[in-house]
Amino acid sequence: MSQAEILVIDPVTPEPDKIAYAAALLRAGQPVAFPTETVYGLGANALDPAAVERVFAAKKRPAHDPMIVHIAGWEQLLEAAADISPQAERLARAFWPGPLTLILRKTGAIPPNVTAGLDTVAVRMPAHPIAQALIVACGFPIAAPSANLFARPSPTTAAHVLEDLGERIELVIDGGPTPIGVESSVVDTTRQSLQLLRPGGISLEALKAIVPGLGTTPHPAATDETRAQRSPGQLSKHYAPRARLVLFNGAEAATLEHMRQQALELLAEGQRVGVLIANEDLPAFDLPAVHIQAIGSKHDLPGVARALFAALRKLDSAGADVILARNFGPDGLGLAIQDRLRRAAGGNIT
Ligand code: TXA
Ligand code: MG
């Protein structure tokens, strides 16, 4: 396949003719990459199993990893999901459209390959005007995982999508950088007690203000295997940069000093070292030959979240052998940032 076509669309007021062009491709069963407020998605008609299959193939995504069904209105929710609990409804009313995904009981309208054979379905009503306009123009819900190759950081720009999938899909909508930068929060509403399966764009604090009983630990009775089935994207190593990533936890001053020492040792060994830090940390890392990504003020977590995945990609393309990353604490978007860094570290946590 030749290089994907790039269609620039206004992210605030999408041009209807351009949306119609992309919708026609989706209607014909082709995958299309498009921006949402979190990250770029690779979409297909959620009601067409053959179209969905093309998304799995383009991404090299294992068939056991279910997709999110993106909807534009309440009638589409009822088409995709049944037995919606009062708590699920409260969450939807509070945060939709927005970066929240609800796990619900699925209906027969959703083909089995969308949900990887599960009897539940992940549903989200995105807030991004391009995503909304596209779903409305199609008239069907759009199944979409993040538009990266499996195990690469999620794409927050059209350029990231092209890097991973440029030769594997036909159309990428370029609506500029995504405003949130980490994926949606995923809440399982199908069990006795609500569970946060993936921290994301809506903070745990905001979710708990609506549903105070929300749990954050995997079900104690679940074995590793059933847990993986419940939320396959929870497998560690999901967001893996090419370099080895080490995440530094603990008190800030000691952590930064430890990172600095490690950087010096690794440099002495001849390794190419990258550091992922806050703007405030820059003076401590004024070291020659270190690739530095300062991704925002530690007091501006939305800014850090926006810059996170792009920074991982930049350190990869700089050829870093190892990336030393600081943590940004557990509050607000910090929890999602920590989760993505933990997975990228795949157990390399100091
Ligand atoms: O912000 C987002 O959520 C982005 C944009 C494009 O909407 N999408 C995204 O999709 O991050 P993906 O496929 O990369 O992640 C979907 C997550 C995975 O962790 C997956 O395991 C989980 O949702 N998921 C999907 N269906 C599920 C189900 N039936 N039960 C439990 N988890 C499910
Ligand atoms: Mg993903």
# chains A, B, ... in the order shown; residues from 1 in each chain; ligands from 1
$ residues_around --residues "segment 27-34 of chain A" --least-positions-apart "5" --cutoff "8 Å" --atoms "only C-alpha atoms" --output "ChimeraX atom specification"
/A:22,40-45,48,50-52,54-55,130-131,138,147,161,169-175
$ residues_around --residues "Thr189 of chain A" --least-positions-apart "6" --cutoff "10 Å" --atoms "only C-alpha atoms" --output "list in words"
Ile84, Ser85, Pro86, Gln87, Ala88, Glu89, Leu91, Leu102, Ile103, Leu104, Arg105, Thr120, Gln195, Leu196 and Leu214 of chain A
$ write_last_selection --atoms "all heavy atoms" --output "compact mmCIF listing (two decimals), in the first residue's frame"
# COMPACT_ATOMS: atom_id res chain seq x y z
N ILE A 84 -28.02 -1.32 31.56
CA ILE A 84 -27.18 -0.23 32.06
C ILE A 84 -27.59 0.11 33.49
O ILE A 84 -28.75 0.46 33.73
CB ILE A 84 -27.29 0.98 31.12
CG1 ILE A 84 -26.77 0.57 29.73
CG2 ILE A 84 -26.53 2.18 31.66
CD1 ILE A 84 -27.22 1.47 28.60
N SER A 85 -26.67 -0.01 34.42
CA SER A 85 -27.00 0.19 35.84
C SER A 85 -27.18 1.68 36.12
O SER A 85 -26.66 2.52 35.39
CB SER A 85 -25.89 -0.37 36.72
OG SER A 85 -24.74 0.45 36.62
N PRO A 86 -27.92 2.00 37.21
CA PRO A 86 -28.09 3.42 37.57
C PRO A 86 -26.75 4.12 37.77
O PRO A 86 -26.58 5.28 37.41
CB PRO A 86 -28.89 3.36 38.88
CG PRO A 86 -29.59 2.03 38.85
CD PRO A 86 -28.70 1.11 38.08
N GLN A 87 -25.76 3.41 38.34
CA GLN A 87 -24.45 4.03 38.56
C GLN A 87 -23.74 4.32 37.24
O GLN A 87 -23.11 5.36 37.08
CB GLN A 87 -23.58 3.12 39.42
CG GLN A 87 -23.98 3.14 40.88
CD GLN A 87 -22.90 2.53 41.74
OE1 GLN A 87 -22.39 1.45 41.41
NE2 GLN A 87 -22.54 3.19 42.81
N ALA A 88 -23.87 3.38 36.29
CA ALA A 88 -23.27 3.60 34.97
C ALA A 88 -23.91 4.82 34.32
O ALA A 88 -23.23 5.66 33.72
CB ALA A 88 -23.46 2.36 34.10
N GLU A 89 -25.21 4.92 34.48
CA GLU A 89 -25.93 6.05 33.88
C GLU A 89 -25.49 7.37 34.50
O GLU A 89 -25.31 8.37 33.79
CB GLU A 89 -27.44 5.84 34.06
CG GLU A 89 -28.25 6.80 33.21
CD GLU A 89 -29.75 6.60 33.37
OE1 GLU A 89 -30.19 5.44 33.55
OE2 GLU A 89 -30.47 7.61 33.33
N LEU A 91 -22.55 8.04 35.73
CA LEU A 91 -21.23 8.37 35.20
C LEU A 91 -21.33 8.92 33.78
O LEU A 91 -20.69 9.91 33.43
CB LEU A 91 -20.33 7.12 35.20
CG LEU A 91 -19.76 6.72 36.56
CD1 LEU A 91 -19.06 5.36 36.46
CD2 LEU A 91 -18.78 7.79 37.08
N LEU A 102 -17.03 3.24 29.48
CA LEU A 102 -17.79 2.37 30.39
C LEU A 102 -17.84 0.96 29.83
O LEU A 102 -18.13 0.76 28.65
CB LEU A 102 -19.21 2.90 30.57
CG LEU A 102 -19.34 4.28 31.22
CD1 LEU A 102 -20.81 4.71 31.26
CD2 LEU A 102 -18.75 4.28 32.63
N ILE A 103 -17.53 -0.03 30.68
CA ILE A 103 -17.72 -1.42 30.30
C ILE A 103 -19.15 -1.80 30.70
O ILE A 103 -19.55 -1.65 31.85
CB ILE A 103 -16.71 -2.36 31.02
CG1 ILE A 103 -15.27 -1.87 30.83
CG2 ILE A 103 -16.89 -3.79 30.55
CD1 ILE A 103 -14.79 -1.78 29.41
N LEU A 104 -19.91 -2.25 29.67
CA LEU A 104 -21.34 -2.54 29.84
C LEU A 104 -21.64 -3.92 29.26
O LEU A 104 -20.81 -4.49 28.53
CB LEU A 104 -22.16 -1.47 29.10
CG LEU A 104 -21.93 -0.02 29.56
CD1 LEU A 104 -22.39 0.96 28.49
CD2 LEU A 104 -22.66 0.24 30.87
N ARG A 105 -22.81 -4.43 29.55
CA ARG A 105 -23.27 -5.68 28.95
C ARG A 105 -23.54 -5.42 27.46
O ARG A 105 -24.13 -4.41 27.11
CB ARG A 105 -24.56 -6.07 29.68
CG ARG A 105 -24.97 -7.50 29.69
CD ARG A 105 -23.97 -8.48 30.22
NE ARG A 105 -23.59 -8.31 31.61
CZ ARG A 105 -22.52 -8.90 32.16
NH1 ARG A 105 -21.72 -9.67 31.43
NH2 ARG A 105 -22.24 -8.72 33.44
N THR A 120 -19.19 -8.41 27.28
CA THR A 120 -19.27 -6.99 27.65
C THR A 120 -18.69 -6.15 26.52
O THR A 120 -17.95 -6.66 25.68
CB THR A 120 -18.47 -6.71 28.93
OG1 THR A 120 -17.13 -7.14 28.73
CG2 THR A 120 -19.08 -7.43 30.13
N GLN A 195 -15.39 -0.79 39.19
CA GLN A 195 -13.93 -0.87 39.24
C GLN A 195 -13.31 0.01 38.16
O GLN A 195 -13.74 -0.03 37.01
CB GLN A 195 -13.48 -2.32 38.98
CG GLN A 195 -13.81 -3.31 40.08
CD GLN A 195 -12.97 -3.09 41.34
OE1 GLN A 195 -11.84 -2.60 41.27
NE2 GLN A 195 -13.53 -3.44 42.49
N LEU A 196 -12.29 0.77 38.55
CA LEU A 196 -11.50 1.52 37.57
C LEU A 196 -10.47 0.57 36.98
O LEU A 196 -9.56 0.13 37.67
CB LEU A 196 -10.81 2.71 38.25
CG LEU A 196 -9.95 3.60 37.35
CD1 LEU A 196 -10.81 4.36 36.34
CD2 LEU A 196 -9.12 4.58 38.18
N LEU A 214 -16.31 3.59 43.95
CA LEU A 214 -15.46 3.09 42.86
C LEU A 214 -14.18 2.45 43.40
O LEU A 214 -13.43 3.08 44.15
CB LEU A 214 -15.10 4.25 41.93
CG LEU A 214 -14.20 3.94 40.74
CD1 LEU A 214 -14.90 3.00 39.77
CD2 LEU A 214 -13.78 5.22 40.04
$ residues_near_ligand --ligand "ligand 1" --cutoff "7 Å" --atoms "only C-alpha atoms and all ligand atoms" --output "number ranges by chain"
A: 36, 38-42, 65-68, 99, 101, 103, 115, 118, 120-122, 126, 144-146, 182-186, 188, 198, 230-234
$ residues_around --residues "Leu315 of chain A" --least-positions-apart "2" --cutoff "12 Å" --atoms "only C-alpha atoms" --output "PyMOL selection string"
chain A and resi 153+241-245+272-276+290-295+308-313+317-325
$ select_by_dssp --residues "segment 275-329 of chain A" --states "strand (DSSP E)" --output "NGL selection string"
:A and (275-277 or 291-294 or 322-326)
$ write_last_selection --atoms "N, CA and C atoms" --output "PDB file, in the first residue's frame"
ATOM      1  N   VAL A 275      16.414  11.339  29.531  1.00  0.00           N
ATOM      2  CA  VAL A 275      15.687  11.553  30.793  1.00  0.00           C
ATOM      3  C   VAL A 275      14.357  12.239  30.513  1.00  0.00           C
ATOM      4  N   LEU A 276      13.344  11.807  31.242  1.00  0.00           N
ATOM      5  CA  LEU A 276      12.003  12.367  31.139  1.00  0.00           C
ATOM      6  C   LEU A 276      11.734  13.070  32.461  1.00  0.00           C
ATOM      7  N   ILE A 277      11.724  14.399  32.432  1.00  0.00           N
ATOM      8  CA  ILE A 277      11.692  15.168  33.683  1.00  0.00           C
ATOM      9  C   ILE A 277      10.692  16.321  33.597  1.00  0.00           C
ATOM     10  N   HIS A 291      20.018  13.067  26.467  1.00  0.00           N
ATOM     11  CA  HIS A 291      18.831  13.530  25.730  1.00  0.00           C
ATOM     12  C   HIS A 291      17.757  13.902  26.739  1.00  0.00           C
ATOM     13  N   ILE A 292      17.373  15.169  26.750  1.00  0.00           N
ATOM     14  CA  ILE A 292      16.451  15.636  27.783  1.00  0.00           C
ATOM     15  C   ILE A 292      15.071  15.915  27.202  1.00  0.00           C
ATOM     16  N   GLN A 293      14.051  15.349  27.832  1.00  0.00           N
ATOM     17  CA  GLN A 293      12.677  15.729  27.519  1.00  0.00           C
ATOM     18  C   GLN A 293      12.071  16.297  28.802  1.00  0.00           C
ATOM     19  N   ALA A 294      11.970  17.618  28.877  1.00  0.00           N
ATOM     20  CA  ALA A 294      11.295  18.258  30.007  1.00  0.00           C
ATOM     21  C   ALA A 294       9.866  18.494  29.535  1.00  0.00           C
ATOM     22  N   VAL A 322      18.394   3.806  27.009  1.00  0.00           N
ATOM     23  CA  VAL A 322      17.687   3.737  28.281  1.00  0.00           C
ATOM     24  C   VAL A 322      17.065   5.102  28.568  1.00  0.00           C
ATOM     25  N   ILE A 323      15.850   5.076  29.110  1.00  0.00           N
ATOM     26  CA  ILE A 323      15.143   6.308  29.473  1.00  0.00           C
ATOM     27  C   ILE A 323      14.920   6.292  30.987  1.00  0.00           C
ATOM     28  N   LEU A 324      15.392   7.339  31.664  1.00  0.00           N
ATOM     29  CA  LEU A 324      15.155   7.463  33.104  1.00  0.00           C
ATOM     30  C   LEU A 324      14.005   8.455  33.278  1.00  0.00           C
ATOM     31  N   ALA A 325      12.918   8.006  33.900  1.00  0.00           N
ATOM     32  CA  ALA A 325      11.729   8.857  34.023  1.00  0.00           C
ATOM     33  C   ALA A 325      11.413   9.150  35.481  1.00  0.00           C
ATOM     34  N   ARG A 326      11.116  10.408  35.788  1.00  0.00           N
ATOM     35  CA  ARG A 326      10.657  10.728  37.128  1.00  0.00           C
ATOM     36  C   ARG A 326       9.159  10.438  37.229  1.00  0.00           C
TER      37      ARG A 326
END
$ residues_around --residues "Lys208 of chain A" --least-positions-apart "4" --cutoff "12 Å" --atoms "only C-alpha atoms" --output "VMD selection string"
chain A and resid 87 90 to 91 94 187 194 to 196 202 to 204 212 to 216 332
$ write_last_selection --atoms "all heavy atoms" --output "short mmCIF file (atom, residue, chain, number, x, y, z; two decimals), in the first residue's frame"
data_model
loop_
_atom_site.label_atom_id
_atom_site.label_comp_id
_atom_site.auth_asym_id
_atom_site.auth_seq_id
_atom_site.Cartn_x
_atom_site.Cartn_y
_atom_site.Cartn_z
N GLN A 87 -25.76 3.41 38.34
CA GLN A 87 -24.45 4.03 38.56
C GLN A 87 -23.74 4.32 37.24
O GLN A 87 -23.11 5.36 37.08
CB GLN A 87 -23.58 3.12 39.42
CG GLN A 87 -23.98 3.14 40.88
CD GLN A 87 -22.90 2.53 41.74
OE1 GLN A 87 -22.39 1.45 41.41
NE2 GLN A 87 -22.54 3.19 42.81
N ARG A 90 -25.26 7.37 35.81
CA ARG A 90 -24.80 8.60 36.46
C ARG A 90 -23.43 9.02 35.94
O ARG A 90 -23.18 10.21 35.70
CB ARG A 90 -24.72 8.39 37.99
CG ARG A 90 -26.08 8.25 38.63
CD ARG A 90 -25.97 8.08 40.13
NE ARG A 90 -25.36 9.26 40.73
CZ ARG A 90 -24.83 9.28 41.95
NH1 ARG A 90 -24.78 8.18 42.66
NH2 ARG A 90 -24.33 10.39 42.43
N LEU A 91 -22.55 8.04 35.73
CA LEU A 91 -21.23 8.37 35.20
C LEU A 91 -21.33 8.92 33.78
O LEU A 91 -20.69 9.91 33.43
CB LEU A 91 -20.33 7.12 35.20
CG LEU A 91 -19.76 6.72 36.56
CD1 LEU A 91 -19.06 5.36 36.46
CD2 LEU A 91 -18.78 7.79 37.08
N ALA A 94 -22.60 12.40 33.82
CA ALA A 94 -21.63 13.36 34.37
C ALA A 94 -20.48 13.64 33.40
O ALA A 94 -20.01 14.78 33.32
CB ALA A 94 -21.07 12.83 35.70
N VAL A 187 -13.98 2.29 33.20
CA VAL A 187 -14.67 1.83 34.41
C VAL A 187 -15.56 0.64 34.07
O VAL A 187 -16.40 0.73 33.17
CB VAL A 187 -15.53 2.96 35.03
CG1 VAL A 187 -16.34 2.43 36.21
CG2 VAL A 187 -14.65 4.13 35.47
N LEU A 194 -18.30 -1.10 41.25
CA LEU A 194 -17.62 -0.48 40.11
C LEU A 194 -16.11 -0.55 40.28
O LEU A 194 -15.60 -0.35 41.38
CB LEU A 194 -18.02 0.99 39.99
CG LEU A 194 -19.47 1.33 39.69
CD1 LEU A 194 -19.59 2.80 39.35
CD2 LEU A 194 -19.99 0.49 38.54
N GLN A 195 -15.39 -0.79 39.19
CA GLN A 195 -13.93 -0.87 39.24
C GLN A 195 -13.31 0.01 38.16
O GLN A 195 -13.74 -0.03 37.01
CB GLN A 195 -13.48 -2.32 38.98
CG GLN A 195 -13.81 -3.31 40.08
CD GLN A 195 -12.97 -3.09 41.34
OE1 GLN A 195 -11.84 -2.60 41.27
NE2 GLN A 195 -13.53 -3.44 42.49
N LEU A 196 -12.29 0.77 38.55
CA LEU A 196 -11.50 1.52 37.57
C LEU A 196 -10.47 0.57 36.98
O LEU A 196 -9.56 0.13 37.67
CB LEU A 196 -10.81 2.71 38.25
CG LEU A 196 -9.95 3.60 37.35
CD1 LEU A 196 -10.81 4.36 36.34
CD2 LEU A 196 -9.12 4.58 38.18
N ILE A 202 -10.22 11.30 32.86
CA ILE A 202 -11.04 11.79 33.98
C ILE A 202 -10.38 11.28 35.25
O ILE A 202 -10.17 10.08 35.41
CB ILE A 202 -12.48 11.24 33.91
CG1 ILE A 202 -13.15 11.53 32.57
CG2 ILE A 202 -13.31 11.79 35.08
CD1 ILE A 202 -13.84 12.83 32.43
N SER A 203 -10.07 12.19 36.17
CA SER A 203 -9.31 11.78 37.36
C SER A 203 -10.15 10.89 38.26
O SER A 203 -11.38 10.93 38.25
CB SER A 203 -8.85 13.01 38.14
OG SER A 203 -9.97 13.62 38.78
N LEU A 204 -9.45 10.08 39.06
CA LEU A 204 -10.12 9.22 40.05
C LEU A 204 -10.95 10.07 41.01
O LEU A 204 -12.07 9.70 41.38
CB LEU A 204 -9.06 8.42 40.81
CG LEU A 204 -9.56 7.47 41.90
CD1 LEU A 204 -10.49 6.42 41.32
CD2 LEU A 204 -8.38 6.81 42.61
N PRO A 212 -18.87 7.25 44.77
CA PRO A 212 -17.87 7.16 45.85
C PRO A 212 -17.34 5.73 46.06
O PRO A 212 -16.21 5.56 46.50
CB PRO A 212 -18.64 7.63 47.09
CG PRO A 212 -19.79 8.43 46.56
CD PRO A 212 -20.14 7.86 45.24
N GLY A 213 -18.12 4.72 45.69
CA GLY A 213 -17.68 3.34 45.95
C GLY A 213 -16.73 2.78 44.91
O GLY A 213 -16.35 1.61 44.98
N LEU A 214 -16.31 3.59 43.95
CA LEU A 214 -15.46 3.09 42.86
C LEU A 214 -14.18 2.45 43.40
O LEU A 214 -13.43 3.08 44.15
CB LEU A 214 -15.10 4.25 41.93
CG LEU A 214 -14.20 3.94 40.74
CD1 LEU A 214 -14.90 3.00 39.77
CD2 LEU A 214 -13.78 5.22 40.04
N GLY A 215 -13.92 1.20 43.00
CA GLY A 215 -12.71 0.51 43.43
C GLY A 215 -11.59 0.64 42.41
O GLY A 215 -11.84 0.90 41.23
N THR A 216 -10.36 0.46 42.88
CA THR A 216 -9.23 0.61 41.97
C THR A 216 -8.33 -0.62 41.92
O THR A 216 -7.35 -0.64 41.20
CB THR A 216 -8.33 1.80 42.38
OG1 THR A 216 -7.96 1.62 43.74
CG2 THR A 216 -9.07 3.10 42.22
N GLY A 332 -4.80 13.64 40.61
CA GLY A 332 -5.37 14.11 39.34
C GLY A 332 -4.87 13.27 38.18
O GLY A 332 -4.87 12.04 38.24
#
$ closest_residue --among "A:His128, A:Lys298, A:Arg152, A:Lys60" --to "ligand 2" --atoms "only C-alpha atoms and all ligand atoms"
A:Arg152
$ closest_residue --among "A:Gln192, A:Ser297, A:Asn279, A:Asn327" --to "Glu252 of chain A" --atoms "only C-alpha atoms"
A:Asn327
$ closest_residue --among "A:Gly200, A:Pro112, A:Gly117, A:Pro14" --to "ligand 2" --atoms "only C-alpha atoms and all ligand atoms"
A:Gly200
$ closest_residue --among "A:Ala158, A:Leu301, A:Ile337, A:Ala206" --to "Pro177 of chain A" --atoms "only C-alpha atoms"
A:Ala158
$ select_by_dssp --residues "segment 99-262 of chain A" --states "helix (DSSP H, G or I)" --output "PyMOL selection string"
chain A and resi 129-138+158-165+204-210+224-230+232-234+252-262
$ closest_residue --among "A:Ala80, A:Gly176, A:His299, A:Lys18" --to "Leu333 of chain A" --atoms "only C-alpha atoms"
A:His299
$ closest_residue --among "A:Thr107, A:Ser154, A:Gln3, A:Thr190" --to "ligand 2" --atoms "only C-alpha atoms and all ligand atoms"
A:Ser154
$ atom_distance --atom1 "atom CA of Ile110 of chain A" --atom2 "atom CA of Leu47 of chain A"
5.7 Å
$ residues_around --residues "Glu15 of chain A" --least-positions-apart "2" --cutoff "12 Å" --atoms "only C-alpha atoms" --output "list in words"
Leu7, Val8, Ile9, Asp10, Pro11, Val12, Thr13, Asp17, Lys18, Ile19, Ala20, Tyr21, Ala22, Pro129, Ile130, Ala133, Leu134, Ala137, Ile173 and Gly175 of chain A
$ atom_distance --atom1 "atom CA of Pro199 of chain A" --atom2 "atom CA of Pro330 of chain A"
10.5 Å
$ atom_distance --atom1 "atom CA of Glu257 of chain A" --atom2 "atom CA of Asn348 of chain A"
17.8 Å
